[in-house]
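S.K.: Pasting in a structure now, in structure tokens, and then I'll have a few things to ask.
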There are 2 protein chains.
Amino acid sequence: MLVYGTCRVNEVPVHPCQSCALRKTPLFMPFSADDLRFMMHFRDGEVELDSGSMLFHEGDALTSFYTVLSGQGARYKTLQNGDRQLVNFVFPGDLVGLAGTVTGETTASMLAVSNMRLCRFRKNRLPELFGRQPERAYALTWIAAVEEHFLGETIATLGQRNATQRLAWALLKVYQRLEIVGMADQDGSVPFPYRQGDLADALGLSLVHTNKTLAHLRPWARLANGRLSVTNRDALAKLAISNGDSPIQRPLL
Amino acid sequence: MLVYGTCRVNEVPVHPCQSCALRKTPLFMPFSADDLRFMMHFRDGEVELDSGSMLFHEGDALTSFYTVLSGQGARYKTLQNGDRQLVNFVFPGDLVGLAGTVTGETTASMLAVSNMRLCRFRKNRLPELFGRQPERAYALTWIAAVEEHFLGETIATLGQRNATQRLAWALLKVYQRLEIVGMADQDGSVPFPYRQGDLADALGLSLVHTNKTLAHLRPWARLANGRLSVTNRDALAKLAISNGDSPIQRPLL
DNA sequence: CGACCTGTTGATGTCCCTCAAAGGGGGTGG
DNA sequence: CCACCCCCTTTGAGGGACATCAACAGGTCG
């Protein structure tokens with residue numbers, strides 16, 4: 001279990017949606033001009049989050065949810081004995097806090113692992129979204145469905161894959177997810193601010209064994225200087241017993 | 001990995017929503033008369049599924065989704081090496097196939113483990129739901145959020161709990177979920193048609209070790225004759241490192 | 001320079017998997 | 001009505017993957 005520093009959340013001036021680079025990325029489905037106009041009006045400010053600070057805690061009743069504009073984070077649950085399970089890594093384009101907003105109780109805590117910028121939406125305007133923009137509301141349940149898909153995959157890897165397979169799977173997924181939103185460098189590396197302990201908590205492994213297994217994977221993928229380099233994607237996919245497909249396209253909110 | 005028999009899905013006459021006992025159960029939020037009227041009109045038939053048959057397979061493009069009226073099932077994923085991971089048990093009141101309907105590709109296979117009756121909804125009428133009944137559409141994303149909550153809990157148990165804790169957690173959850181929809185008997189038992197191999201595949205354990213661990217849990221919970229009996233709920237919750245809370249209330253579709 | 005965090009490596013133990021075999025119970029066929 | 005079979009459960013033995021404990025190296029920051 002790892003402990004991080006305290007919080008800092010800042011209101012910041014908004015960037016116009018038109019200039020949002022995420023939108024044009026192949027991960028996301030095209031925006032109509034109408035969509036864009038409505039979202040500009042529907043969104044409610046932008047927020048910056050320092051690395052190490054929390055956006056919300058497990059059990060909070062949220063009044064806002066967010067899509068990640070930049071930076072990386074993690075959602076995690078804490079068991080009563082203090083053990084931590086990282087539920088998923090959070091990347092640009094992800095929507096966080098929707099479940100906690102809708103049901104009134106957050107299912108996991110959300111931590112910034114790098115500095116982050118978030119686009120905020122207010123719960124009290126959800127009726128407007130559902131009442132006046134059924135297509136955007138449909139996009140919202142689409143996003144929830146995609147989320148379910150990922151969690152299901154995670155369950156399969158925690159249940160059925162051994163340490164090597166888990167790590168290969170995770171590194172490959174992370175790389176592909178960041179690559180498709182344009183964060184991969186020429187040299188085949190992506191930003192990876194997480195610690196080995198974070199990976200361990202995400203995959204249900206001990207820190208020590210995570211470290212030793214990472215060493216075995218180094219011919220195909222390595223962690224260094226806060227970046228993840230993947231040098232042999234196919235080998236990694238084979239190790240992971242995964243088809244190596246890119247992430248499926250989905251709506252952006 | 002277990003293999004089940006072949007399929008059989010039958011169209012059957014519908015039962016009126018008014019007489020649906022599930023609705024009145026404390027798991028679900030109250031229905032307004034309006035809701036009821038619309039859902040009567042929106043639903044599209046009823047379906048019966050024999051034990052051992054599949055409702056859909058991983059990768060299918062679904063044209064319908066369903067809420068379970070009676071019976072029990074399982075959603076599972078199959079890795080490329082043939083290993084099976086049971087993603088969740090499926091109980092009366094659960095909505096299945098929504099994600100596969102929305103995204104166009106099913107995330108897991110759905111198997112009937114007892115005879116089941118399902119209430120069907122058609123994808124091509126979703127626009128009508130979102131366009132004309134925003135509150136029901138909101139209920140849909142609420143349901144998706146609840147689903148996410150459960151999958152997150154499962155991830156935490158696969159990642160952090162040992163065999164005893166996993167089994168205690170699973171048995172308790174199953175018991176509580178079935179009890180709250182009125183399926184518990186006087187003697188503190190609920191129907192449990194699953195095999196020990198199903199439990200093993202759900203919890204990421206081997207069949208043998210599942211069996212041996214179940215033996216240790218017998219003072220507090222036991223499996224016999226297709227039923228699960230829980231004799232000491234608090235002890236089970238303590239073993240499971242869980243608060244033992246009942247399932248949260250949610251909408252029914 | 002010392003405190004602290006993260007990564008790395010070695011030694012030891014244990015939880016759980018795999019292999020193996022035997023004991024019910026229900027169904028089918030002779 | 002019994003014999004046989006199949007599926008599921010149960011139990012034992014042995015081994016391996018991974019956890020835990022421990023110590024050290026390098027980098028960063030006060």
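Residues are named by chain letter and number: chains run A, B, ... in the order of the structure tokens, numbers start at 1 in each chain, and ligands are numbered from 1 in the order shown.
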Write down as number ranges by chain the residues of stretch 18-70 of chain A whose backbone DSSP state falls under strand (DSSP E or B).
M.R.: A: 28, 46-49, 54-56, 64-70
S.K.: Once you have the residues from the selection above, write them out as a PDB file, in the first residue's frame, restricted to N, CA and C atoms.
M.R.:
ATOM      1  N   PHE A  28     -11.908   8.531 -30.363  1.00  0.00           N
ATOM      2  CA  PHE A  28     -13.250   9.050 -30.134  1.00  0.00           C
ATOM      3  C   PHE A  28     -14.068   9.194 -31.401  1.00  0.00           C
ATOM      4  N   GLU A  46     -13.165  24.425 -15.842  1.00  0.00           N
ATOM      5  CA  GLU A  46     -12.051  23.507 -15.912  1.00  0.00           C
ATOM      6  C   GLU A  46     -11.347  23.510 -14.568  1.00  0.00           C
ATOM      7  N   VAL A  47     -10.694  22.409 -14.291  1.00  0.00           N
ATOM      8  CA  VAL A  47     -10.089  22.228 -12.978  1.00  0.00           C
ATOM      9  C   VAL A  47      -8.686  21.672 -13.163  1.00  0.00           C
ATOM     10  N   GLU A  48      -7.760  22.149 -12.361  1.00  0.00           N
ATOM     11  CA  GLU A  48      -6.427  21.564 -12.384  1.00  0.00           C
ATOM     12  C   GLU A  48      -6.156  20.852 -11.073  1.00  0.00           C
ATOM     13  N   LEU A  49      -5.423  19.784 -11.176  1.00  0.00           N
ATOM     14  CA  LEU A  49      -5.188  18.912 -10.039  1.00  0.00           C
ATOM     15  C   LEU A  49      -3.696  18.641  -9.981  1.00  0.00           C
ATOM     16  N   MET A  54      -6.091  14.352  -4.464  1.00  0.00           N
ATOM     17  CA  MET A  54      -7.281  13.546  -4.705  1.00  0.00           C
ATOM     18  C   MET A  54      -8.375  14.391  -5.341  1.00  0.00           C
ATOM     19  N   LEU A  55      -9.071  13.824  -6.299  1.00  0.00           N
ATOM     20  CA  LEU A  55     -10.252  14.500  -6.853  1.00  0.00           C
ATOM     21  C   LEU A  55     -11.475  14.189  -6.016  1.00  0.00           C
ATOM     22  N   PHE A  56     -11.591  12.964  -5.565  1.00  0.00           N
ATOM     23  CA  PHE A  56     -12.653  12.584  -4.628  1.00  0.00           C
ATOM     24  C   PHE A  56     -12.269  11.297  -3.916  1.00  0.00           C
ATOM     25  N   SER A  64     -20.318  16.665  -9.146  1.00  0.00           N
ATOM     26  CA  SER A  64     -19.758  16.876 -10.485  1.00  0.00           C
ATOM     27  C   SER A  64     -19.104  15.609 -10.982  1.00  0.00           C
ATOM     28  N   PHE A  65     -19.025  15.494 -12.297  1.00  0.00           N
ATOM     29  CA  PHE A  65     -18.159  14.473 -12.885  1.00  0.00           C
ATOM     30  C   PHE A  65     -17.298  15.154 -13.943  1.00  0.00           C
ATOM     31  N   TYR A  66     -16.308  14.449 -14.445  1.00  0.00           N
ATOM     32  CA  TYR A  66     -15.246  15.103 -15.202  1.00  0.00           C
ATOM     33  C   TYR A  66     -14.789  14.256 -16.375  1.00  0.00           C
ATOM     34  N   THR A  67     -14.366  14.890 -17.457  1.00  0.00           N
ATOM     35  CA  THR A  67     -13.551  14.138 -18.401  1.00  0.00           C
ATOM     36  C   THR A  67     -12.131  14.680 -18.326  1.00  0.00           C
ATOM     37  N   VAL A  68     -11.197  13.773 -18.387  1.00  0.00           N
ATOM     38  CA  VAL A  68      -9.779  14.115 -18.255  1.00  0.00           C
ATOM     39  C   VAL A  68      -9.303  14.772 -19.551  1.00  0.00           C
ATOM     40  N   LEU A  69      -8.750  15.957 -19.434  1.00  0.00           N
ATOM     41  CA  LEU A  69      -8.203  16.631 -20.612  1.00  0.00           C
ATOM     42  C   LEU A  69      -6.733  16.294 -20.791  1.00  0.00           C
ATOM     43  N   SER A  70      -5.999  16.290 -19.683  1.00  0.00           N
ATOM     44  CA  SER A  70      -4.587  15.915 -19.768  1.00  0.00           C
ATOM     45  C   SER A  70      -4.115  15.403 -18.423  1.00  0.00           C
TER      46      SER A  70
END
S.K.: Using only C-alpha atoms (C1' of nucleotides), I'd like every residue of chain A that has an atom within 10 Å of chain D; please write them out as a VMD selection string.
M.R.: chain A and resid 162 to 163 205 to 210
S.K.: Quick one: which residues from chain B are at most 8 Å off chain A, using only C-alpha atoms, as a PyMOL selection string?
M.R.: chain B and resi 77+79-81+83-87+98-100+102-103+107+127+130-131+134-135+137-138+140-142+144-149+151-152+154-156+158-160+201-205+241-242
S.K.: Taking only C-alpha atoms (C1' of nucleotides) into account, report as a list in words which residues of chain C lie within 12 Å of chain B.
M.R.: DC15, DC16, DC17, DT18, DC19, DA20 and DG25 of chain C
S.K.: Would you list the contacts of stretch 218-221 of chain A as an MDAnalysis selection string, taking every protein, DNA or RNA residue within 6 Å and counting only C-alpha atoms (C1' of nucleotides), but skipping same-chain residues closer than 3 positions in sequence?
M.R.: chainID A and resid 215 229:232
S.K.: Store the residues picked out above, limited to N, CA, C and O atoms, as an mmCIF file, in the first residue's frame.
M.R.:
data_model
loop_
_atom_site.group_PDB
_atom_site.id
_atom_site.type_symbol
_atom_site.label_atom_id
_atom_site.label_comp_id
_atom_site.auth_asym_id
_atom_site.auth_seq_id
_atom_site.Cartn_x
_atom_site.Cartn_y
_atom_site.Cartn_z
ATOM 1 N N ALA A 215 11.613 -7.133 -14.647
ATOM 2 C CA ALA A 215 12.969 -7.367 -15.150
ATOM 3 C C ALA A 215 12.951 -8.388 -16.287
ATOM 4 O O ALA A 215 13.647 -8.230 -17.291
ATOM 5 N N SER A 229 8.484 2.295 -22.281
ATOM 6 C CA SER A 229 8.890 2.048 -23.663
ATOM 7 C C SER A 229 8.486 0.636 -24.065
ATOM 8 O O SER A 229 8.790 -0.319 -23.340
ATOM 9 N N VAL A 230 7.838 0.519 -25.184
ATOM 10 C CA VAL A 230 7.483 -0.802 -25.708
ATOM 11 C C VAL A 230 8.263 -1.027 -26.990
ATOM 12 O O VAL A 230 8.123 -0.285 -27.957
ATOM 13 N N THR A 231 9.099 -2.061 -26.975
ATOM 14 C CA THR A 231 9.952 -2.310 -28.133
ATOM 15 C C THR A 231 9.468 -3.487 -28.966
ATOM 16 O O THR A 231 9.875 -3.646 -30.102
ATOM 17 N N ASN A 232 8.645 -4.348 -28.391
ATOM 18 C CA ASN A 232 8.111 -5.472 -29.170
ATOM 19 C C ASN A 232 6.674 -5.757 -28.765
ATOM 20 O O ASN A 232 6.407 -6.562 -27.877
#
S.K.: Out of stretch 115-179 of chain A, which residues get helix (DSSP H, G or I) from DSSP, as a PyMOL selection string?
M.R.: chain A and resi 123-132+134-160+163-179
S.K.: Lay chain A over chain B using all C-alpha atoms, matched one to one in order, with a least-squares fit; then write it out as an mmCIF file with C-alpha atoms, in the first residue's frame.
M.R.:
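File written: result-v2.cif
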data_model
loop_
_atom_site.group_PDB
_atom_site.id
_atom_site.type_symbol
_atom_site.label_atom_id
_atom_site.label_comp_id
_atom_site.auth_asym_id
_atom_site.auth_seq_id
_atom_site.Cartn_x
_atom_site.Cartn_y
_atom_site.Cartn_z
ATOM 1 C CA MET A 1 -12.880 -24.748 -17.304
ATOM 2 C CA LEU A 2 -16.335 -26.188 -17.607
ATOM 3 C CA VAL A 3 -18.383 -26.871 -20.687
ATOM 4 C CA TYR A 4 -22.125 -26.691 -20.782
ATOM 5 C CA GLY A 5 -24.781 -28.075 -23.084
ATOM 6 C CA THR A 6 -26.233 -26.494 -26.165
ATOM 7 C CA CYS A 7 -28.837 -23.833 -26.563
ATOM 8 C CA ARG A 8 -32.538 -23.470 -26.318
ATOM 9 C CA VAL A 9 -34.349 -20.143 -26.266
ATOM 10 C CA ASN A 10 -38.116 -19.950 -26.425
ATOM 11 C CA GLU A 11 -40.492 -17.117 -27.045
ATOM 12 C CA VAL A 12 -43.250 -17.210 -24.423
ATOM 13 C CA PRO A 13 -46.393 -15.204 -23.626
ATOM 14 C CA VAL A 14 -45.737 -12.042 -21.607
ATOM 15 C CA HIS A 15 -46.780 -11.489 -18.041
ATOM 16 C CA PRO A 16 -48.157 -8.034 -17.334
ATOM 17 C CA CYS A 17 -45.738 -5.699 -15.511
ATOM 18 C CA GLN A 18 -48.364 -4.956 -12.869
ATOM 19 C CA SER A 19 -48.055 -8.451 -11.507
ATOM 20 C CA CYS A 20 -44.250 -8.444 -11.560
ATOM 21 C CA ALA A 21 -43.196 -9.299 -8.008
ATOM 22 C CA LEU A 22 -39.647 -8.084 -8.578
ATOM 23 C CA ARG A 23 -40.791 -4.486 -8.829
ATOM 24 C CA LYS A 24 -42.088 -4.438 -5.265
ATOM 25 C CA THR A 25 -38.903 -5.813 -3.820
ATOM 26 C CA PRO A 26 -36.702 -3.491 -1.712
ATOM 27 C CA LEU A 27 -33.782 -3.825 -4.117
ATOM 28 C CA PHE A 28 -35.518 -1.551 -6.584
ATOM 29 C CA MET A 29 -36.638 2.031 -6.566
ATOM 30 C CA PRO A 30 -40.365 2.725 -6.805
ATOM 31 C CA PHE A 31 -42.097 2.791 -10.167
ATOM 32 C CA SER A 32 -44.422 5.630 -11.044
ATOM 33 C CA ALA A 33 -47.616 4.809 -12.890
ATOM 34 C CA ASP A 34 -46.148 6.616 -15.869
ATOM 35 C CA ASP A 35 -43.005 4.507 -15.783
ATOM 36 C CA LEU A 36 -45.060 1.380 -15.658
ATOM 37 C CA ARG A 37 -47.214 2.423 -18.583
ATOM 38 C CA PHE A 38 -44.226 3.269 -20.727
ATOM 39 C CA MET A 39 -42.308 0.112 -19.915
ATOM 40 C CA MET A 40 -45.321 -2.051 -20.714
ATOM 41 C CA HIS A 41 -45.299 -0.431 -24.120
ATOM 42 C CA PHE A 42 -41.523 -0.386 -24.534
ATOM 43 C CA ARG A 43 -40.774 -3.977 -23.649
ATOM 44 C CA ASP A 44 -40.822 -6.510 -26.415
ATOM 45 C CA GLY A 45 -41.867 -9.944 -25.336
ATOM 46 C CA GLU A 46 -40.625 -12.510 -22.909
ATOM 47 C CA VAL A 47 -38.112 -15.251 -23.423
ATOM 48 C CA GLU A 48 -37.411 -18.506 -21.656
ATOM 49 C CA LEU A 49 -33.992 -20.038 -21.482
ATOM 50 C CA ASP A 50 -33.243 -23.617 -20.509
ATOM 51 C CA SER A 51 -30.585 -24.318 -17.973
ATOM 52 C CA GLY A 52 -27.270 -24.780 -19.741
ATOM 53 C CA SER A 53 -28.137 -22.714 -22.790
ATOM 54 C CA MET A 54 -26.553 -19.476 -23.928
ATOM 55 C CA LEU A 55 -28.337 -16.160 -24.351
ATOM 56 C CA PHE A 56 -25.437 -14.693 -26.308
ATOM 57 C CA HIS A 57 -21.729 -15.226 -26.891
ATOM 58 C CA GLU A 58 -18.750 -12.984 -26.440
ATOM 59 C CA GLY A 59 -18.331 -10.885 -29.566
ATOM 60 C CA ASP A 60 -21.964 -11.057 -30.681
ATOM 61 C CA ALA A 61 -23.592 -7.886 -31.920
ATOM 62 C CA LEU A 62 -26.795 -7.775 -29.916
ATOM 63 C CA THR A 63 -30.095 -6.398 -31.082
ATOM 64 C CA SER A 64 -31.791 -6.895 -27.731
ATOM 65 C CA PHE A 65 -31.045 -6.595 -24.065
ATOM 66 C CA TYR A 66 -32.915 -8.160 -21.183
ATOM 67 C CA THR A 67 -33.817 -7.906 -17.555
ATOM 68 C CA VAL A 68 -33.900 -11.194 -15.705
ATOM 69 C CA LEU A 69 -37.342 -12.034 -14.356
ATOM 70 C CA SER A 70 -36.465 -15.352 -12.769
ATOM 71 C CA GLY A 71 -33.697 -17.924 -12.677
ATOM 72 C CA GLN A 72 -29.949 -17.575 -12.446
ATOM 73 C CA GLY A 73 -27.104 -17.360 -14.893
ATOM 74 C CA ALA A 74 -23.513 -16.339 -15.363
ATOM 75 C CA ARG A 75 -21.566 -13.970 -17.565
ATOM 76 C CA TYR A 76 -18.103 -15.149 -18.513
ATOM 77 C CA LYS A 77 -15.154 -14.371 -20.714
ATOM 78 C CA THR A 78 -12.897 -16.899 -22.376
ATOM 79 C CA LEU A 79 -9.197 -16.204 -22.819
ATOM 80 C CA GLN A 80 -7.395 -17.278 -25.957
ATOM 81 C CA ASN A 81 -5.853 -20.222 -24.104
ATOM 82 C CA GLY A 82 -9.300 -21.495 -23.199
ATOM 83 C CA ASP A 83 -9.322 -20.376 -19.574
ATOM 84 C CA ARG A 84 -12.697 -19.152 -18.419
ATOM 85 C CA GLN A 85 -13.345 -16.216 -16.136
ATOM 86 C CA LEU A 86 -16.810 -15.851 -14.735
ATOM 87 C CA VAL A 87 -17.357 -12.093 -14.629
ATOM 88 C CA ASN A 88 -20.476 -12.141 -12.499
ATOM 89 C CA PHE A 89 -23.420 -14.215 -11.441
ATOM 90 C CA VAL A 90 -26.706 -13.083 -12.936
ATOM 91 C CA PHE A 91 -29.777 -12.829 -10.729
ATOM 92 C CA PRO A 92 -33.411 -11.730 -11.037
ATOM 93 C CA GLY A 93 -33.568 -7.992 -11.595
ATOM 94 C CA ASP A 94 -30.208 -7.792 -13.353
ATOM 95 C CA LEU A 95 -30.014 -6.163 -16.750
ATOM 96 C CA VAL A 96 -27.888 -8.109 -19.229
ATOM 97 C CA GLY A 97 -26.655 -7.292 -22.689
ATOM 98 C CA LEU A 98 -26.932 -3.525 -22.496
ATOM 99 C CA ALA A 99 -23.239 -2.935 -23.130
ATOM 100 C CA GLY A 100 -23.221 -5.356 -26.046
ATOM 101 C CA THR A 101 -26.278 -3.663 -27.475
ATOM 102 C CA VAL A 102 -24.934 -0.136 -27.202
ATOM 103 C CA THR A 103 -21.346 -0.674 -28.324
ATOM 104 C CA GLY A 104 -22.240 -3.307 -30.899
ATOM 105 C CA GLU A 105 -19.995 -5.988 -29.448
ATOM 106 C CA THR A 106 -20.728 -8.162 -26.454
ATOM 107 C CA THR A 107 -18.104 -8.106 -23.766
ATOM 108 C CA ALA A 108 -18.887 -11.537 -22.322
ATOM 109 C CA SER A 109 -20.980 -14.648 -22.907
ATOM 110 C CA MET A 110 -24.195 -15.179 -21.003
ATOM 111 C CA LEU A 111 -25.120 -18.652 -19.779
ATOM 112 C CA ALA A 112 -28.273 -19.844 -18.061
ATOM 113 C CA VAL A 113 -27.368 -21.939 -15.019
ATOM 114 C CA SER A 114 -30.988 -22.620 -14.174
ATOM 115 C CA ASN A 115 -34.088 -22.194 -16.282
ATOM 116 C CA MET A 116 -34.585 -18.460 -16.749
ATOM 117 C CA ARG A 117 -37.311 -16.067 -17.806
ATOM 118 C CA LEU A 118 -36.244 -12.778 -19.346
ATOM 119 C CA CYS A 119 -37.982 -9.560 -20.318
ATOM 120 C CA ARG A 120 -36.745 -8.369 -23.694
ATOM 121 C CA PHE A 121 -36.028 -4.853 -24.977
ATOM 122 C CA ARG A 122 -35.086 -3.980 -28.541
ATOM 123 C CA LYS A 123 -32.101 -1.905 -29.512
ATOM 124 C CA ASN A 124 -33.955 -0.198 -32.345
ATOM 125 C CA ARG A 125 -36.344 1.313 -29.852
ATOM 126 C CA LEU A 126 -33.666 2.840 -27.670
ATOM 127 C CA PRO A 127 -33.951 6.175 -29.510
ATOM 128 C CA GLU A 128 -37.574 6.260 -28.448
ATOM 129 C CA LEU A 129 -36.566 5.635 -24.839
ATOM 130 C CA PHE A 130 -33.947 8.367 -24.862
ATOM 131 C CA GLY A 131 -36.051 10.783 -26.868
ATOM 132 C CA ARG A 132 -39.337 10.486 -25.036
ATOM 133 C CA GLN A 133 -38.574 9.155 -21.552
ATOM 134 C CA PRO A 134 -35.512 10.928 -20.239
ATOM 135 C CA GLU A 135 -36.163 9.652 -16.731
ATOM 136 C CA ARG A 136 -36.115 6.045 -17.872
ATOM 137 C CA ALA A 137 -32.990 6.757 -19.903
ATOM 138 C CA TYR A 138 -31.422 8.139 -16.760
ATOM 139 C CA ALA A 139 -32.430 4.960 -14.966
ATOM 140 C CA LEU A 140 -30.520 3.058 -17.620
ATOM 141 C CA THR A 141 -27.269 4.894 -16.926
ATOM 142 C CA TRP A 142 -27.954 4.448 -13.219
ATOM 143 C CA ILE A 143 -28.086 0.727 -13.784
ATOM 144 C CA ALA A 144 -24.848 0.870 -15.724
ATOM 145 C CA ALA A 145 -23.280 2.753 -12.820
ATOM 146 C CA VAL A 146 -24.388 0.094 -10.365
ATOM 147 C CA GLU A 147 -22.863 -2.528 -12.607
ATOM 148 C CA GLU A 148 -19.590 -0.663 -12.569
ATOM 149 C CA HIS A 149 -19.727 -0.622 -8.792
ATOM 150 C CA PHE A 150 -19.995 -4.407 -8.602
ATOM 151 C CA LEU A 151 -17.257 -5.038 -11.098
ATOM 152 C CA GLY A 152 -15.009 -2.749 -9.087
ATOM 153 C CA GLU A 153 -15.688 -4.766 -5.959
ATOM 154 C CA THR A 154 -14.907 -7.950 -7.795
ATOM 155 C CA ILE A 155 -11.618 -6.501 -8.959
ATOM 156 C CA ALA A 156 -10.780 -5.651 -5.372
ATOM 157 C CA THR A 157 -11.487 -9.163 -4.179
ATOM 158 C CA LEU A 158 -9.554 -10.858 -6.976
ATOM 159 C CA GLY A 159 -6.646 -8.514 -6.391
ATOM 160 C CA GLN A 160 -6.483 -8.360 -2.622
ATOM 161 C CA ARG A 161 -8.346 -11.223 -0.941
ATOM 162 C CA ASN A 162 -7.069 -14.743 -0.344
ATOM 163 C CA ALA A 163 -9.096 -17.865 -1.031
ATOM 164 C CA THR A 164 -11.017 -17.882 2.260
ATOM 165 C CA GLN A 165 -11.819 -14.206 2.013
ATOM 166 C CA ARG A 166 -12.896 -14.496 -1.593
ATOM 167 C CA LEU A 167 -15.279 -17.330 -0.912
ATOM 168 C CA ALA A 168 -16.713 -15.704 2.182
ATOM 169 C CA TRP A 169 -17.216 -12.524 0.189
ATOM 170 C CA ALA A 170 -18.853 -14.288 -2.719
ATOM 171 C CA LEU A 171 -21.186 -16.453 -0.666
ATOM 172 C CA LEU A 172 -22.280 -13.495 1.412
ATOM 173 C CA LYS A 173 -22.895 -11.309 -1.633
ATOM 174 C CA VAL A 174 -24.886 -14.001 -3.360
ATOM 175 C CA TYR A 175 -26.971 -14.700 -0.320
ATOM 176 C CA GLN A 176 -27.788 -11.053 0.290
ATOM 177 C CA ARG A 177 -28.567 -10.398 -3.338
ATOM 178 C CA LEU A 178 -31.026 -13.275 -3.537
ATOM 179 C CA GLU A 179 -32.498 -12.605 -0.138
ATOM 180 C CA ILE A 180 -33.377 -9.038 -1.010
ATOM 181 C CA VAL A 181 -35.449 -10.158 -3.976
ATOM 182 C CA GLY A 182 -37.334 -12.544 -1.761
ATOM 183 C CA MET A 183 -35.666 -15.803 -2.723
ATOM 184 C CA ALA A 184 -34.443 -16.777 0.741
ATOM 185 C CA ASP A 185 -36.131 -19.646 2.474
ATOM 186 C CA GLN A 186 -37.186 -19.744 6.125
ATOM 187 C CA ASP A 187 -34.175 -21.891 6.920
ATOM 188 C CA GLY A 188 -31.715 -19.267 5.685
ATOM 189 C CA SER A 189 -30.979 -20.801 2.317
ATOM 190 C CA VAL A 190 -31.199 -19.556 -1.257
ATOM 191 C CA PRO A 191 -31.137 -21.404 -4.586
ATOM 192 C CA PHE A 192 -27.588 -21.911 -5.805
ATOM 193 C CA PRO A 193 -27.493 -23.906 -9.035
ATOM 194 C CA TYR A 194 -23.830 -23.177 -9.694
ATOM 195 C CA ARG A 195 -21.116 -25.831 -9.431
ATOM 196 C CA GLN A 196 -17.997 -25.471 -7.343
ATOM 197 C CA GLY A 197 -16.158 -25.135 -10.630
ATOM 198 C CA ASP A 198 -18.258 -22.071 -11.413
ATOM 199 C CA LEU A 199 -17.283 -20.512 -8.117
ATOM 200 C CA ALA A 200 -13.659 -21.345 -8.821
ATOM 201 C CA ASP A 201 -13.808 -19.686 -12.246
ATOM 202 C CA ALA A 202 -15.511 -16.665 -10.719
ATOM 203 C CA LEU A 203 -12.918 -16.199 -8.015
ATOM 204 C CA GLY A 204 -9.755 -17.097 -9.889
ATOM 205 C CA LEU A 205 -9.135 -20.239 -7.831
ATOM 206 C CA SER A 206 -8.646 -23.859 -8.756
ATOM 207 C CA LEU A 207 -11.546 -26.227 -8.315
ATOM 208 C CA VAL A 208 -9.659 -28.314 -5.774
ATOM 209 C CA HIS A 209 -8.673 -25.408 -3.622
ATOM 210 C CA THR A 210 -12.181 -23.981 -3.823
ATOM 211 C CA ASN A 211 -13.509 -27.248 -2.521
ATOM 212 C CA LYS A 212 -11.064 -27.411 0.362
ATOM 213 C CA THR A 213 -11.685 -23.819 1.342
ATOM 214 C CA LEU A 214 -15.449 -24.324 1.221
ATOM 215 C CA ALA A 215 -14.988 -27.121 3.718
ATOM 216 C CA HIS A 216 -13.368 -24.666 6.146
ATOM 217 C CA LEU A 217 -16.274 -22.266 5.730
ATOM 218 C CA ARG A 218 -18.915 -24.867 6.474
ATOM 219 C CA PRO A 219 -19.519 -23.700 10.049
ATOM 220 C CA TRP A 220 -20.879 -20.437 8.606
ATOM 221 C CA ALA A 221 -22.029 -21.229 5.087
ATOM 222 C CA ARG A 222 -22.577 -24.422 3.171
ATOM 223 C CA LEU A 223 -23.474 -25.598 -0.305
ATOM 224 C CA ALA A 224 -25.810 -28.557 -0.574
ATOM 225 C CA ASN A 225 -28.527 -29.804 -2.908
ATOM 226 C CA GLY A 226 -28.296 -26.794 -5.167
ATOM 227 C CA ARG A 227 -28.811 -24.377 -2.310
ATOM 228 C CA LEU A 228 -26.575 -22.039 -0.333
ATOM 229 C CA SER A 229 -27.237 -21.869 3.402
ATOM 230 C CA VAL A 230 -25.784 -19.057 5.469
ATOM 231 C CA THR A 231 -25.860 -19.698 9.189
ATOM 232 C CA ASN A 232 -23.600 -16.910 10.450
ATOM 233 C CA ARG A 233 -23.682 -13.817 8.348
ATOM 234 C CA ASP A 234 -21.559 -11.675 10.641
ATOM 235 C CA ALA A 235 -18.764 -14.205 10.842
ATOM 236 C CA LEU A 236 -18.821 -14.471 7.072
ATOM 237 C CA ALA A 237 -18.656 -10.685 6.692
ATOM 238 C CA LYS A 238 -15.722 -10.510 9.078
ATOM 239 C CA LEU A 239 -13.897 -13.249 7.180
ATOM 240 C CA ALA A 240 -14.592 -11.421 3.941
ATOM 241 C CA ILE A 241 -13.197 -8.118 5.271
ATOM 242 C CA SER A 242 -16.487 -6.648 4.163
ATOM 243 C CA ASN A 243 -18.986 -4.432 5.905
ATOM 244 C CA GLY A 244 -21.799 -6.859 5.150
ATOM 245 C CA ASP A 245 -24.094 -4.124 3.866
ATOM 246 C CA SER A 246 -27.098 -5.031 1.770
ATOM 247 C CA PRO A 247 -27.013 -4.263 -1.941
ATOM 248 C CA ILE A 248 -27.743 -0.630 -2.796
ATOM 249 C CA GLN A 249 -31.127 0.298 -4.165
ATOM 250 C CA ARG A 250 -31.361 0.881 -7.886
ATOM 251 C CA PRO A 251 -33.817 1.266 -10.729
ATOM 252 C CA LEU A 252 -35.395 -1.689 -12.484
ATOM 253 C CA LEU A 253 -35.924 -1.573 -16.195
#
